[in-house]
file model-v8.txt (compact mmCIF, C-alpha atoms and all ligand atoms)
# COMPACT_ATOMS: atom_id res chain seq x y z
CA MET A 1 0.15 43.30 -23.28
CA ASN A 2 3.77 42.43 -23.99
CA ASN A 3 5.06 38.87 -23.64
CA LYS A 4 5.51 39.06 -19.91
CA PRO A 5 2.36 40.38 -18.23
CA THR A 6 2.21 41.68 -14.69
CA ILE A 7 0.59 39.00 -12.58
CA ALA A 8 -0.96 39.22 -9.13
CA VAL A 9 -1.13 36.10 -7.00
CA ILE A 10 -3.76 36.39 -4.29
CA GLY A 11 -2.71 34.39 -1.22
CA ALA A 12 0.76 33.36 -0.08
CA GLY A 13 -0.20 29.89 1.15
CA LEU A 14 1.68 26.89 -0.20
CA GLY A 15 0.05 27.13 -3.64
CA GLY A 16 0.39 30.91 -3.96
CA ALA A 17 4.00 30.92 -2.77
CA ALA A 18 4.84 28.20 -5.31
CA ALA A 19 3.12 30.12 -8.10
CA GLY A 20 4.86 33.37 -7.16
CA ALA A 21 8.30 31.79 -6.92
CA LEU A 22 7.97 29.90 -10.21
CA LEU A 23 6.58 32.91 -12.09
CA GLN A 24 9.33 35.17 -10.78
CA ARG A 25 11.96 32.62 -11.81
CA ALA A 26 10.37 32.50 -15.28
CA GLY A 27 10.73 36.28 -15.59
CA TYR A 28 7.18 37.44 -14.96
CA THR A 29 6.65 40.55 -12.88
CA THR A 30 4.67 38.94 -10.09
CA LYS A 31 3.20 40.49 -6.97
CA VAL A 32 1.96 38.29 -4.16
CA TYR A 33 -0.78 39.67 -1.91
CA GLU A 34 -1.49 37.97 1.42
CA GLN A 35 -4.24 38.91 3.88
CA ALA A 36 -2.36 37.78 6.99
CA PRO A 37 -0.16 40.41 8.68
CA THR A 38 2.48 37.72 9.24
CA PHE A 39 2.82 33.91 9.33
CA SER A 40 3.43 31.88 12.49
CA ARG A 41 4.78 28.33 12.94
CA LEU A 42 1.42 26.59 13.25
CA GLY A 43 1.62 23.19 14.98
CA ALA A 44 1.26 20.90 12.01
CA GLY A 45 3.18 18.66 9.68
CA ILE A 46 2.91 17.87 6.01
CA HIS A 47 3.97 15.10 3.64
CA LEU A 48 5.88 16.12 0.54
CA GLY A 49 5.86 13.34 -2.02
CA PRO A 50 8.32 13.02 -4.92
CA ASN A 51 5.72 14.68 -7.18
CA VAL A 52 6.05 17.86 -5.10
CA MET A 53 9.78 17.61 -4.53
CA LYS A 54 10.30 17.84 -8.30
CA VAL A 55 8.65 21.28 -8.17
CA MET A 56 10.73 22.22 -5.13
CA ARG A 57 13.79 21.41 -7.25
CA ARG A 58 12.72 24.08 -9.75
CA ILE A 59 12.12 26.59 -6.98
CA GLY A 60 15.63 25.78 -5.73
CA ILE A 61 14.77 24.53 -2.24
CA GLU A 62 14.83 20.74 -2.71
CA GLU A 63 18.16 20.27 -0.93
CA GLN A 64 17.18 22.44 2.02
CA LEU A 65 13.98 20.43 2.39
CA ASN A 66 15.89 17.17 2.14
CA SER A 67 18.07 18.36 5.02
CA MET A 68 15.26 19.63 7.19
CA GLY A 69 12.75 16.79 6.67
CA SER A 70 12.32 13.26 7.91
CA HIS A 71 12.84 10.52 5.30
CA PRO A 72 10.57 7.59 6.12
CA ASP A 73 11.50 4.26 4.54
CA HIS A 74 7.88 3.19 4.41
CA TRP A 75 4.33 4.34 4.79
CA PHE A 76 2.80 1.74 7.08
CA SER A 77 -0.91 1.23 7.53
CA ARG A 78 -1.87 -0.66 10.68
CA ASP A 79 -5.04 -1.85 12.28
CA GLY A 80 -5.81 0.67 15.02
CA MET A 81 -6.79 -1.94 17.54
CA THR A 82 -4.54 -4.93 16.90
CA GLY A 83 -1.57 -3.18 15.31
CA GLU A 84 -1.58 -5.70 12.46
CA TYR A 85 0.09 -4.36 9.31
CA GLN A 86 -2.33 -3.71 6.43
CA SER A 87 0.16 -2.16 4.00
CA ARG A 88 3.87 -1.49 3.71
CA ILE A 89 4.45 1.08 0.98
CA PRO A 90 8.16 1.49 0.18
CA LEU A 91 9.45 5.08 0.20
CA GLY A 92 13.05 6.11 1.09
CA GLU A 93 15.57 4.93 -1.50
CA PHE A 94 12.80 3.18 -3.43
CA ALA A 95 11.03 6.52 -3.95
CA ARG A 96 14.21 8.26 -5.06
CA GLN A 97 14.97 5.49 -7.57
CA ASN A 98 11.48 4.94 -8.89
CA TYR A 99 9.70 8.28 -8.54
CA GLY A 100 12.61 10.62 -9.18
CA ALA A 101 12.81 12.44 -5.83
CA ALA A 102 12.60 11.88 -2.08
CA TYR A 103 9.46 11.40 -0.01
CA ILE A 104 9.75 13.56 3.08
CA THR A 105 7.65 14.73 6.00
CA VAL A 106 8.30 18.19 7.44
CA HIS A 107 6.94 20.83 9.75
CA ARG A 108 4.44 22.78 7.75
CA GLY A 109 5.65 26.09 9.21
CA ASP A 110 9.25 25.35 8.23
CA LEU A 111 8.20 24.46 4.69
CA HIS A 112 6.05 27.55 4.39
CA GLU A 113 8.78 29.83 5.72
CA LEU A 114 11.22 28.45 3.15
CA MET A 115 8.74 28.88 0.32
CA VAL A 116 7.84 32.43 1.31
CA ALA A 117 11.54 33.28 1.62
CA SER A 118 12.01 32.14 -1.98
CA LEU A 119 9.73 34.97 -3.17
CA ASP A 120 11.01 38.38 -4.18
CA GLN A 121 10.46 40.10 -0.81
CA GLU A 122 9.92 43.47 -2.47
CA LYS A 123 6.91 42.07 -4.31
CA LEU A 124 5.35 40.31 -1.34
CA TYR A 125 2.65 42.30 0.42
CA PHE A 126 1.26 41.24 3.80
CA ASP A 127 -1.89 42.56 5.44
CA LYS A 128 -3.52 42.92 2.03
CA ARG A 129 -6.93 41.30 2.06
CA LEU A 130 -8.51 41.36 -1.35
CA VAL A 131 -12.13 42.47 -1.12
CA ASP A 132 -12.97 43.10 -4.77
CA VAL A 133 -11.64 42.23 -8.18
CA GLU A 134 -12.86 43.86 -11.35
CA ASP A 135 -11.88 42.36 -14.68
CA ARG A 136 -12.19 45.31 -17.07
CA GLY A 137 -11.31 43.27 -20.12
CA ASP A 138 -7.94 44.89 -20.79
CA LYS A 139 -6.72 44.83 -17.16
CA VAL A 140 -7.83 43.82 -13.70
CA VAL A 141 -8.39 46.19 -10.79
CA LEU A 142 -7.80 44.80 -7.33
CA THR A 143 -9.24 46.46 -4.24
CA PHE A 144 -7.95 45.64 -0.77
CA ALA A 145 -9.56 45.95 2.65
CA ASP A 146 -7.23 48.83 3.55
CA GLY A 147 -8.71 50.86 0.69
CA THR A 148 -5.70 50.57 -1.64
CA THR A 149 -5.98 49.36 -5.22
CA ASP A 150 -3.70 47.91 -7.86
CA GLU A 151 -3.96 47.22 -11.58
CA VAL A 152 -2.47 44.10 -13.13
CA ASP A 153 -2.77 42.05 -16.33
CA LEU A 154 -3.62 38.65 -14.87
CA VAL A 155 -4.78 37.39 -11.47
CA ILE A 156 -4.21 34.00 -9.92
CA GLY A 157 -6.64 33.13 -7.14
CA ALA A 158 -4.57 31.08 -4.68
CA ASP A 159 -6.71 32.31 -1.81
CA GLY A 160 -7.83 29.03 -0.34
CA VAL A 161 -11.13 27.33 0.35
CA ASN A 162 -13.10 30.57 0.81
CA SER A 163 -11.55 32.16 -2.26
CA CYS A 164 -12.66 35.65 -3.18
CA ILE A 165 -11.69 34.98 -6.81
CA ARG A 166 -13.75 31.76 -6.92
CA GLU A 167 -16.69 33.77 -5.60
CA LYS A 168 -16.19 36.31 -8.38
CA LEU A 169 -16.23 33.55 -11.01
CA LEU A 170 -18.98 31.36 -9.60
CA GLY A 171 -20.91 33.32 -6.96
CA THR A 172 -21.17 32.90 -3.23
CA GLU A 173 -21.28 29.32 -2.05
CA ALA A 174 -19.95 28.03 1.25
CA PRO A 175 -17.70 24.97 1.08
CA ILE A 176 -19.19 21.64 2.11
CA TYR A 177 -18.43 20.49 5.65
CA SER A 178 -17.45 16.85 5.11
CA GLY A 179 -18.71 15.62 8.49
CA TRP A 180 -15.15 14.95 9.57
CA VAL A 181 -12.66 16.80 11.73
CA ALA A 182 -8.89 16.54 12.07
CA HIS A 183 -7.05 16.80 15.38
CA ARG A 184 -3.47 18.01 15.09
CA ALA A 185 -0.75 17.80 17.75
CA ILE A 186 3.02 17.99 17.85
CA ILE A 187 4.69 15.86 20.50
CA SER A 188 8.20 16.06 21.86
CA ALA A 189 9.94 12.81 20.90
CA GLU A 190 11.87 13.10 24.16
CA LYS A 191 8.71 12.22 26.06
CA LEU A 192 8.20 9.07 24.02
CA LYS A 193 11.48 7.60 25.28
CA ALA A 194 9.65 6.66 28.49
CA TYR A 195 7.71 4.01 26.54
CA ASP A 196 9.00 0.64 25.45
CA LEU A 197 7.24 1.01 22.11
CA ASP A 198 8.30 1.51 18.50
CA PHE A 199 7.33 4.93 17.12
CA GLU A 200 7.61 4.50 13.36
CA ALA A 201 8.57 7.31 11.02
CA CYS A 202 5.32 7.29 9.01
CA VAL A 203 2.34 5.23 10.06
CA LYS A 204 -1.41 5.47 9.72
CA TRP A 205 -3.58 3.72 12.32
CA TRP A 206 -7.01 2.80 11.00
CA SER A 207 -10.34 1.54 12.25
CA GLU A 208 -13.76 1.45 10.67
CA ASP A 209 -14.65 5.13 10.75
CA ARG A 210 -11.51 6.98 11.97
CA HIS A 211 -7.76 7.08 11.75
CA MET A 212 -4.61 8.67 13.09
CA MET A 213 -1.68 9.51 10.80
CA VAL A 214 1.66 9.86 12.61
CA TYR A 215 5.11 11.01 11.46
CA PHE A 216 8.21 13.02 12.34
CA VAL A 217 8.30 16.63 11.15
CA THR A 218 12.03 17.23 11.53
CA GLY A 219 15.06 15.33 10.25
CA ASP A 220 16.49 15.07 13.76
CA GLU A 221 13.28 13.28 14.80
CA LYS A 222 12.74 15.55 17.80
CA GLU A 223 9.18 16.48 16.86
CA TYR A 224 6.57 13.80 16.25
CA TYR A 225 3.16 14.73 14.89
CA TYR A 226 -0.28 13.23 14.59
CA VAL A 227 -3.27 14.26 12.53
CA THR A 228 -6.58 12.42 12.75
CA GLY A 229 -9.74 11.94 10.78
CA VAL A 230 -12.74 11.56 13.07
CA PRO A 231 -16.43 11.84 12.22
CA GLU A 232 -18.29 14.74 13.83
CA PRO A 233 -21.75 15.46 12.44
CA GLU A 234 -21.67 19.26 12.68
CA TRP A 235 -19.19 22.11 12.76
CA SER A 236 -20.84 25.07 14.40
CA HIS A 237 -17.80 26.90 15.80
CA GLY A 238 -17.58 29.45 12.98
CA THR A 239 -13.77 29.42 13.13
CA SER A 240 -11.16 27.54 11.13
CA PHE A 241 -10.09 25.56 14.21
CA VAL A 242 -10.71 25.20 17.96
CA GLU A 243 -8.72 23.83 20.87
CA SER A 244 -9.29 20.14 21.59
CA SER A 245 -8.11 18.15 24.62
CA GLN A 246 -6.41 14.97 25.76
CA GLN A 247 -9.75 13.85 27.15
CA GLU A 248 -11.45 14.27 23.78
CA MET A 249 -8.62 12.33 22.14
CA ARG A 250 -8.94 9.50 24.66
CA GLN A 251 -12.64 9.21 23.91
CA ALA A 252 -12.15 9.35 20.16
CA PHE A 253 -9.45 6.63 20.20
CA GLU A 254 -10.71 4.42 22.99
CA GLY A 255 -9.56 0.84 22.47
CA TYR A 256 -6.77 1.84 20.09
CA HIS A 257 -3.30 0.27 20.25
CA PRO A 258 -0.95 1.17 23.17
CA THR A 259 1.28 3.16 20.78
CA VAL A 260 -1.64 5.49 20.01
CA GLN A 261 -2.50 5.72 23.72
CA ALA A 262 1.11 6.74 24.44
CA LEU A 263 0.84 9.54 21.87
CA ILE A 264 -2.33 10.80 23.52
CA ASP A 265 -0.69 10.59 26.98
CA CYS A 266 2.16 12.77 25.69
CA THR A 267 -0.13 15.34 24.08
CA GLU A 268 0.22 18.83 25.54
CA THR A 269 -1.87 20.86 23.13
CA VAL A 270 -4.12 19.64 20.36
CA THR A 271 -6.27 21.56 17.92
CA LYS A 272 -9.34 20.45 15.96
CA TRP A 273 -10.11 21.47 12.36
CA PRO A 274 -13.22 21.03 10.20
CA LEU A 275 -12.50 19.23 6.93
CA LEU A 276 -14.04 21.10 4.03
CA GLU A 277 -14.60 20.07 0.43
CA ARG A 278 -16.16 21.27 -2.79
CA ASN A 279 -17.42 19.29 -5.73
CA PRO A 280 -15.25 19.71 -8.85
CA LEU A 281 -15.84 23.25 -10.16
CA PRO A 282 -17.31 23.81 -13.63
CA LEU A 283 -15.05 26.82 -14.15
CA TRP A 284 -11.38 27.29 -13.29
CA HIS A 285 -10.76 30.52 -15.18
CA ASP A 286 -12.50 33.37 -16.93
CA ASN A 287 -10.78 35.96 -19.09
CA ARG A 288 -7.93 37.30 -16.89
CA LEU A 289 -8.73 35.38 -13.70
CA VAL A 290 -7.61 31.84 -12.91
CA LEU A 291 -7.78 29.62 -9.82
CA LEU A 292 -5.44 27.10 -8.24
CA GLY A 293 -5.21 24.87 -5.18
CA ASP A 294 -7.87 24.90 -2.48
CA ALA A 295 -9.54 27.84 -4.20
CA CYS A 296 -10.71 25.41 -6.88
CA HIS A 297 -10.41 21.88 -5.49
CA PRO A 298 -10.36 21.74 -1.68
CA MET A 299 -10.37 18.20 -0.36
CA LYS A 300 -10.21 16.11 2.77
CA PRO A 301 -6.52 15.70 3.65
CA HIS A 302 -6.67 11.90 3.76
CA MET A 303 -4.22 11.38 0.89
CA ALA A 304 -1.85 14.08 2.20
CA GLN A 305 -1.99 15.57 -1.29
CA GLY A 306 -4.00 18.81 -1.02
CA ALA A 307 -1.03 21.15 -0.94
CA ALA A 308 0.69 18.86 -3.42
CA MET A 309 -2.13 19.50 -5.89
CA ALA A 310 -1.89 23.26 -5.28
CA ILE A 311 1.86 23.19 -5.93
CA GLU A 312 1.50 20.98 -9.02
CA ASP A 313 -1.20 23.40 -10.27
CA ALA A 314 1.21 26.31 -9.86
CA ALA A 315 3.90 24.51 -11.84
CA MET A 316 1.51 23.47 -14.61
CA LEU A 317 0.08 26.97 -14.88
CA VAL A 318 3.53 28.48 -15.40
CA ARG A 319 4.41 25.71 -17.86
CA CYS A 320 1.25 26.47 -19.89
CA LEU A 321 1.88 30.22 -19.90
CA ASP A 322 5.38 29.56 -21.24
CA GLU A 323 4.14 26.96 -23.72
CA VAL A 324 1.40 29.10 -25.30
CA GLY A 325 2.85 32.55 -24.68
CA ALA A 326 1.36 34.73 -22.00
CA GLU A 327 -0.25 37.05 -24.56
CA HIS A 328 -2.57 34.11 -25.30
CA TYR A 329 -3.43 33.77 -21.65
CA GLN A 330 -6.93 32.41 -22.25
CA GLN A 331 -5.56 29.48 -24.23
CA ALA A 332 -2.86 29.01 -21.61
CA PHE A 333 -5.46 28.94 -18.82
CA GLU A 334 -7.56 26.40 -20.73
CA LEU A 335 -4.50 24.26 -21.43
CA TYR A 336 -3.76 24.40 -17.70
CA ARG A 337 -7.28 23.36 -16.75
CA THR A 338 -7.28 20.56 -19.30
CA ASN A 339 -4.09 19.18 -17.82
CA ARG A 340 -5.07 19.50 -14.17
CA PHE A 341 -8.80 18.85 -13.91
CA GLU A 342 -8.76 15.07 -14.15
CA ARG A 343 -5.85 14.53 -11.78
CA ALA A 344 -7.06 17.02 -9.16
CA SER A 345 -10.59 15.59 -9.30
CA ARG A 346 -9.30 12.03 -8.94
CA VAL A 347 -7.21 13.01 -5.92
CA GLN A 348 -10.24 14.80 -4.44
CA LYS A 349 -12.31 11.63 -4.85
CA VAL A 350 -9.73 9.25 -3.34
CA SER A 351 -9.20 11.70 -0.47
CA HIS A 352 -12.93 11.82 0.09
CA ASP A 353 -13.19 8.02 0.13
CA ASN A 354 -10.17 7.75 2.45
CA THR A 355 -8.84 4.57 0.90
CA TRP A 356 -5.32 5.75 0.00
CA LEU A 357 -2.59 3.21 0.93
CA ARG A 358 -4.85 1.51 3.46
CA TYR A 359 -3.91 -1.75 1.78
CA ASP A 360 -0.96 -2.44 -0.49
CA GLU A 361 -1.35 -0.63 -3.81
CA ASP A 362 0.92 1.00 -6.37
CA PRO A 363 1.12 4.76 -5.65
CA ALA A 364 3.15 5.51 -8.80
CA TRP A 365 0.36 7.50 -10.46
CA VAL A 366 0.62 10.05 -7.63
CA PHE A 367 4.29 9.96 -6.61
CA GLY A 368 5.77 9.27 -10.06
CA TYR A 369 4.00 12.23 -11.68
CA ASP A 370 6.35 14.87 -13.06
CA VAL A 371 4.48 18.06 -13.91
CA TYR A 372 7.35 19.14 -16.17
CA GLU A 373 7.56 15.91 -18.17
CA VAL A 374 3.96 14.74 -18.46
CA PRO A 375 2.82 15.10 -22.11
CA LEU A 376 0.37 17.98 -22.44
CA LYS A 377 -3.18 17.15 -23.50
CA GLN A 378 -4.70 19.70 -25.83
CA PRO A 379 -8.12 21.15 -24.94
CA GLU A 380 -11.04 19.94 -26.99
CA ALA A 381 -12.68 22.62 -29.11
CA ALA A 382 -15.55 23.08 -26.70
CA SER A 383 -14.63 21.07 -23.65
CA GLU A 384 -16.99 20.97 -20.70
CA GLY A 385 -16.65 23.97 -18.43
CA SER A 386 -14.43 25.85 -20.86
CA PRO A 387 -15.10 29.57 -21.16
CA VAL A 388 -12.94 30.08 -24.24
C1 LIG B 1 -5.56 18.67 8.78
C2 LIG B 1 -4.94 18.88 7.42
C3 LIG B 1 -3.79 18.16 7.04
C4 LIG B 1 -3.22 18.30 5.77
N1 LIG B 1 -2.10 17.58 5.41
C5 LIG B 1 -1.59 17.71 4.14
C6 LIG B 1 -0.42 16.97 3.72
O1 LIG B 1 0.18 16.22 4.49
N2 LIG B 1 0.02 17.13 2.43
C7 LIG B 1 -0.60 17.98 1.56
O2 LIG B 1 -0.16 18.08 0.39
N3 LIG B 1 -1.71 18.69 1.93
C8 LIG B 1 -2.20 18.58 3.18
N4 LIG B 1 -3.30 19.30 3.56
C9 LIG B 1 -3.97 20.15 2.56
C10 LIG B 1 -3.33 21.48 2.44
O3 LIG B 1 -3.19 22.10 3.71
C11 LIG B 1 -4.11 22.41 1.52
O4 LIG B 1 -4.58 21.72 0.42
C12 LIG B 1 -3.19 23.55 1.08
O5 LIG B 1 -2.82 24.34 2.17
C13 LIG B 1 -3.84 24.40 0.01
O6 LIG B 1 -2.96 25.43 -0.33
P1 LIG B 1 -3.49 26.77 -0.98
O7 LIG B 1 -2.29 27.62 -1.17
O8 LIG B 1 -4.36 26.44 -2.15
O9 LIG B 1 -4.47 27.39 0.11
P2 LIG B 1 -4.16 27.91 1.57
O10 LIG B 1 -3.04 27.16 2.18
O11 LIG B 1 -5.46 27.94 2.29
O12 LIG B 1 -3.62 29.39 1.34
C14 LIG B 1 -4.49 30.43 0.98
C15 LIG B 1 -3.83 31.75 1.39
O13 LIG B 1 -4.60 32.82 0.86
C16 LIG B 1 -4.76 33.80 1.87
N5 LIG B 1 -6.02 34.51 1.56
C17 LIG B 1 -7.28 34.03 1.66
N6 LIG B 1 -8.17 34.96 1.28
C18 LIG B 1 -7.45 36.05 0.92
C19 LIG B 1 -7.81 37.35 0.45
N7 LIG B 1 -9.10 37.71 0.25
N8 LIG B 1 -6.83 38.24 0.17
C20 LIG B 1 -5.51 37.90 0.35
N9 LIG B 1 -5.11 36.69 0.82
C21 LIG B 1 -6.08 35.78 1.10
C22 LIG B 1 -4.80 33.01 3.17
O14 LIG B 1 -4.49 33.80 4.30
C23 LIG B 1 -3.76 31.94 2.90
O15 LIG B 1 -2.47 32.34 3.27
C24 LIG B 1 -3.85 19.19 4.85
C25 LIG B 1 -4.99 19.94 5.23
C26 LIG B 1 -5.53 19.79 6.51
C27 LIG B 1 -6.75 20.59 6.89

call {"tool": "encode", "arguments": {"input": "model-v8.txt", "output": "structure tokens", "more": "lines below"}}
Ligand SMILES: Cc1cc2nc3c(=O)[nH]c(=O)nc-3n(C[C@H](O)[C@H](O)[C@H](O)COP(=O)(O)OP(=O)(O)OC[C@H]3O[C@@H](n4cnc5c(N)ncnc54)[C@H](O)[C@@H]3O)c2cc1C
result
Amino acid sequence: MNNKPTIAVIGAGLGGAAAGALLQRAGYTTKVYEQAPTFSRLGAGIHLGPNVMKVMRRIGIEEQLNSMGSHPDHWFSRDGMTGEYQSRIPLGEFARQNYGAAYITVHRGDLHELMVASLDQEKLYFDKRLVDVEDRGDKVVLTFADGTTDEVDLVIGADGVNSCIREKLLGTEAPIYSGWVAHRAIISAEKLKAYDLDFEACVKWWSEDRHMMVYFVTGDEKEYYYVTGVPEPEWSHGTSFVESSQQEMRQAFEGYHPTVQALIDCTETVTKWPLLERNPLPLWHDNRLVLLGDACHPMKPHMAQGAAMAIEDAAMLVRCLDEVGAEHYQQAFELYRTNRFERASRVQKVSHDNTWLRYDEDPAWVFGYDVYEVPLKQPEAASEGSPV
């Protein structure tokens, strides 16, 4: 293999698109294979903390995101019933000054579209579902559902919670249903004008066993969004989401503050998603295959950092390939794992516990992280879970 191997990224989700864009900018021949025939603007929002915006800067889309997103001054946590403030976490100018980039909330579809557009379109292949991967030692053979094949030097599994590459490395194992669901709805802010209530730019309403996170997904504040966390003992639908209803929302948030009731009153469509997790994996890479994002550390979304971890992974992986030299890809992959495992596992744990920013705390360890500046830890000779 010469210095710049041919790399296949499996999956063009937020992690895969970040990996593809960063690899292509670093000069690697990189093909991105996505199973979906096309992407649609799914009704959902996403937080992008300063830790992610620093990666967006390298991809070259930070300014576009700053223009398209909402810039909350604070993350507020409030008691769901009484409305009492439990935390006021400064963002806005404070985040820019102290964490090195903005904290924004955006429409997930808009973000994804921008990230996918930043890929070399001639090396982006839709409708390509990977069904088999064979690491032959000196190259990897990919087989797709349409019967086509490809041969590449290295493969990045960015194929989400049911990753085909994870299965190849570790065998078949369904993700763990956490016992929680998330409802997601986008509301027209126009409708909210009928209420004499304050709809804050980023607020999480909490009670003992459930919550509702609410924020704008566009800079013009025309689209408001909520995403919940609600216990539901079983998920037997067999699909990644189902339709929910206003009635179900009213039941789930009975007794909640009038602001939450107004959001439910204004809800036109709402979907419900199972929240899936895995315990930290013992293996992130083997020979020419390596995992990132939900393929290796899916988590409950309660810190709003799942995609952030996938995007940080992508940036760290490219940094490690450059640092070690791609011809030493096994060392690069182990350096990557060494520098991501602890952080991703900690974020998984805090997300699982759902304690993030409920009360005042210093979020600098998450938002202040700069994947390009953090000193690299060297792998121990025989670190746990290391295949090399
Ligand atoms: C309700 C909810 C709210 C969330 N809110 C936030 C938030 O505010 N902030 C945040 O950072 N994170 C958030 N997350 C988490 C975030 O959505 C995920 O962590 C993130 O999408 C993971 O990105 P990924 O690229 O690893 O995987 P995915 O986004 O799942 O992408 C995987 C891609 O691979 C493709 N694929 C799968 N299998 C194959 C195959 N065999 N062949 C080819 N392609 C394949 C899929 O079609 C998909 O496009 C939230 C999650 C949920 C459920």

call {"tool": "residues_near_ligand", "arguments": {"input": "model-v8.txt", "ligand": "ligand LIG 1 (chain B)", "cutoff": "6 Å", "atoms": "all atoms listed in the file", "output": "PyMOL selection string"}}
result
chain A and resi 10-16+33-36+46-47+128-131+158-160+163-164+182+275+293-295+301+304-308+310

call {"tool": "atom_distance", "arguments": {"input": "model-v8.txt", "atom1": "atom CA of A:Leu197", "atom2": "atom CA of A:Asp110"}}
result
28.1 Å

call {"tool": "closest_residue", "arguments": {"input": "model-v8.txt", "among": "A:Leu376, A:Ala364, A:Ala174, A:Leu22", "to": "A:Pro298", "atoms": "only C-alpha atoms"}}
result
A:Ala174

call {"tool": "closest_residue", "arguments": {"input": "model-v8.txt", "among": "A:Pro231, A:Pro375, A:Gly45, A:Pro50", "to": "A:Val106", "atoms": "all atoms listed in the file"}}
result
A:Gly45

call {"tool": "atom_distance", "arguments": {"input": "model-v8.txt", "atom1": "atom CA of A:Phe94", "atom2": "atom CA of A:Glu312"}}
result
21.8 Å

call {"tool": "atom_distance", "arguments": {"input": "model-v8.txt", "atom1": "atom CA of A:Asp353", "atom2": "atom CA of A:Cys296"}}
result
18.9 Å

call {"tool": "closest_residue", "arguments": {"input": "model-v8.txt", "among": "A:Gln251, A:Gln330, A:Thr338, A:Thr271", "to": "A:Asn287", "atoms": "only C-alpha atoms"}}
result
A:Gln330

call {"tool": "residues_near_point", "arguments": {"input": "model-v8.txt", "point": "(-17.2, 32.7, -8.8)", "cutoff": "10 Å", "atoms": "only C-alpha atoms", "output": "list in words"}}
result
Ser163, Cys164, Ile165, Arg166, Glu167, Lys168, Leu169, Leu170, Gly171, Thr172, Glu173, Leu281, Leu283, Trp284, His285, Asp286, Leu291 and Cys296 of chain A

call {"tool": "closest_residue", "arguments": {"input": "model-v8.txt", "among": "A:Gln331, A:Phe76, A:Ser245, A:Phe341", "to": "A:Pro282", "atoms": "all atoms listed in the file"}}
result
A:Phe341

call {"tool": "residues_around", "arguments": {"input": "model-v8.txt", "residues": "A:Phe253", "least_positions_apart": "6", "cutoff": "9 Å", "atoms": "all atoms listed in the file", "output": "ChimeraX atom specification"}}
result
/A:80,210-212,260-261,264

call {"tool": "residues_around", "arguments": {"input": "model-v8.txt", "residues": "A:Pro5", "least_positions_apart": "3", "cutoff": "9 Å", "atoms": "all atoms listed in the file", "output": "compact mmCIF listing (two decimals) with C-alpha atoms, in the coordinates of the input"}}
result
# COMPACT_ATOMS: atom_id res chain seq x y z
CA MET A 1 0.15 43.30 -23.28
CA ASN A 2 3.77 42.43 -23.99
CA TYR A 28 7.18 37.44 -14.96
CA THR A 29 6.65 40.55 -12.88
CA THR A 30 4.67 38.94 -10.09
CA VAL A 152 -2.47 44.10 -13.13
CA ASP A 153 -2.77 42.05 -16.33
CA LEU A 154 -3.62 38.65 -14.87
CA ALA A 326 1.36 34.73 -22.00
CA GLU A 327 -0.25 37.05 -24.56

call {"tool": "closest_residue", "arguments": {"input": "model-v8.txt", "among": "A:Gly109, A:Pro72, A:Gly255, A:Gly147", "to": "A:Ala95", "atoms": "only C-alpha atoms"}}
result
A:Pro72

call {"tool": "closest_residue", "arguments": {"input": "model-v8.txt", "among": "A:Ala8, A:Ala344, A:Met316, A:Val290", "to": "A:Arg278", "atoms": "only C-alpha atoms"}}
result
A:Ala344

call {"tool": "residues_near_point", "arguments": {"input": "model-v8.txt", "point": "(5.7, 41.7, -6.8)", "cutoff": "7 Å", "atoms": "only C-alpha atoms", "output": "list in words"}}
result
Thr29, Thr30, Lys31, Val32, Asp120, Glu122, Lys123 and Leu124 of chain A

call {"tool": "residues_around", "arguments": {"input": "model-v8.txt", "residues": "A:Tyr215", "least_positions_apart": "3", "cutoff": "7 Å", "atoms": "all atoms listed in the file", "output": "number ranges by chain"}}
result
A: 201-203, 224-226

call {"tool": "residues_around", "arguments": {"input": "model-v8.txt", "residues": "A:Gly83", "least_positions_apart": "2", "cutoff": "12 Å", "atoms": "all atoms listed in the file", "output": "PDB file with C-alpha atoms, keeping the file's coordinate frame"}}
result
ATOM      1  CA  PHE A  76       2.800   1.740   7.080  1.00  0.00           C
ATOM      2  CA  SER A  77      -0.910   1.230   7.530  1.00  0.00           C
ATOM      3  CA  ARG A  78      -1.870  -0.660  10.680  1.00  0.00           C
ATOM      4  CA  ASP A  79      -5.040  -1.850  12.280  1.00  0.00           C
ATOM      5  CA  GLY A  80      -5.810   0.670  15.020  1.00  0.00           C
ATOM      6  CA  MET A  81      -6.790  -1.940  17.540  1.00  0.00           C
ATOM      7  CA  TYR A  85       0.090  -4.360   9.310  1.00  0.00           C
ATOM      8  CA  GLN A  86      -2.330  -3.710   6.430  1.00  0.00           C
ATOM      9  CA  SER A  87       0.160  -2.160   4.000  1.00  0.00           C
ATOM     10  CA  LEU A 197       7.240   1.010  22.110  1.00  0.00           C
ATOM     11  CA  ASP A 198       8.300   1.510  18.500  1.00  0.00           C
ATOM     12  CA  VAL A 203       2.340   5.230  10.060  1.00  0.00           C
ATOM     13  CA  LYS A 204      -1.410   5.470   9.720  1.00  0.00           C
ATOM     14  CA  TRP A 205      -3.580   3.720  12.320  1.00  0.00           C
ATOM     15  CA  TRP A 206      -7.010   2.800  11.000  1.00  0.00           C
ATOM     16  CA  SER A 207     -10.340   1.540  12.250  1.00  0.00           C
ATOM     17  CA  GLY A 255      -9.560   0.840  22.470  1.00  0.00           C
ATOM     18  CA  TYR A 256      -6.770   1.840  20.090  1.00  0.00           C
ATOM     19  CA  HIS A 257      -3.300   0.270  20.250  1.00  0.00           C
ATOM     20  CA  PRO A 258      -0.950   1.170  23.170  1.00  0.00           C
ATOM     21  CA  THR A 259       1.280   3.160  20.780  1.00  0.00           C
ATOM     22  CA  VAL A 260      -1.640   5.490  20.010  1.00  0.00           C
TER      23      VAL A 260
END
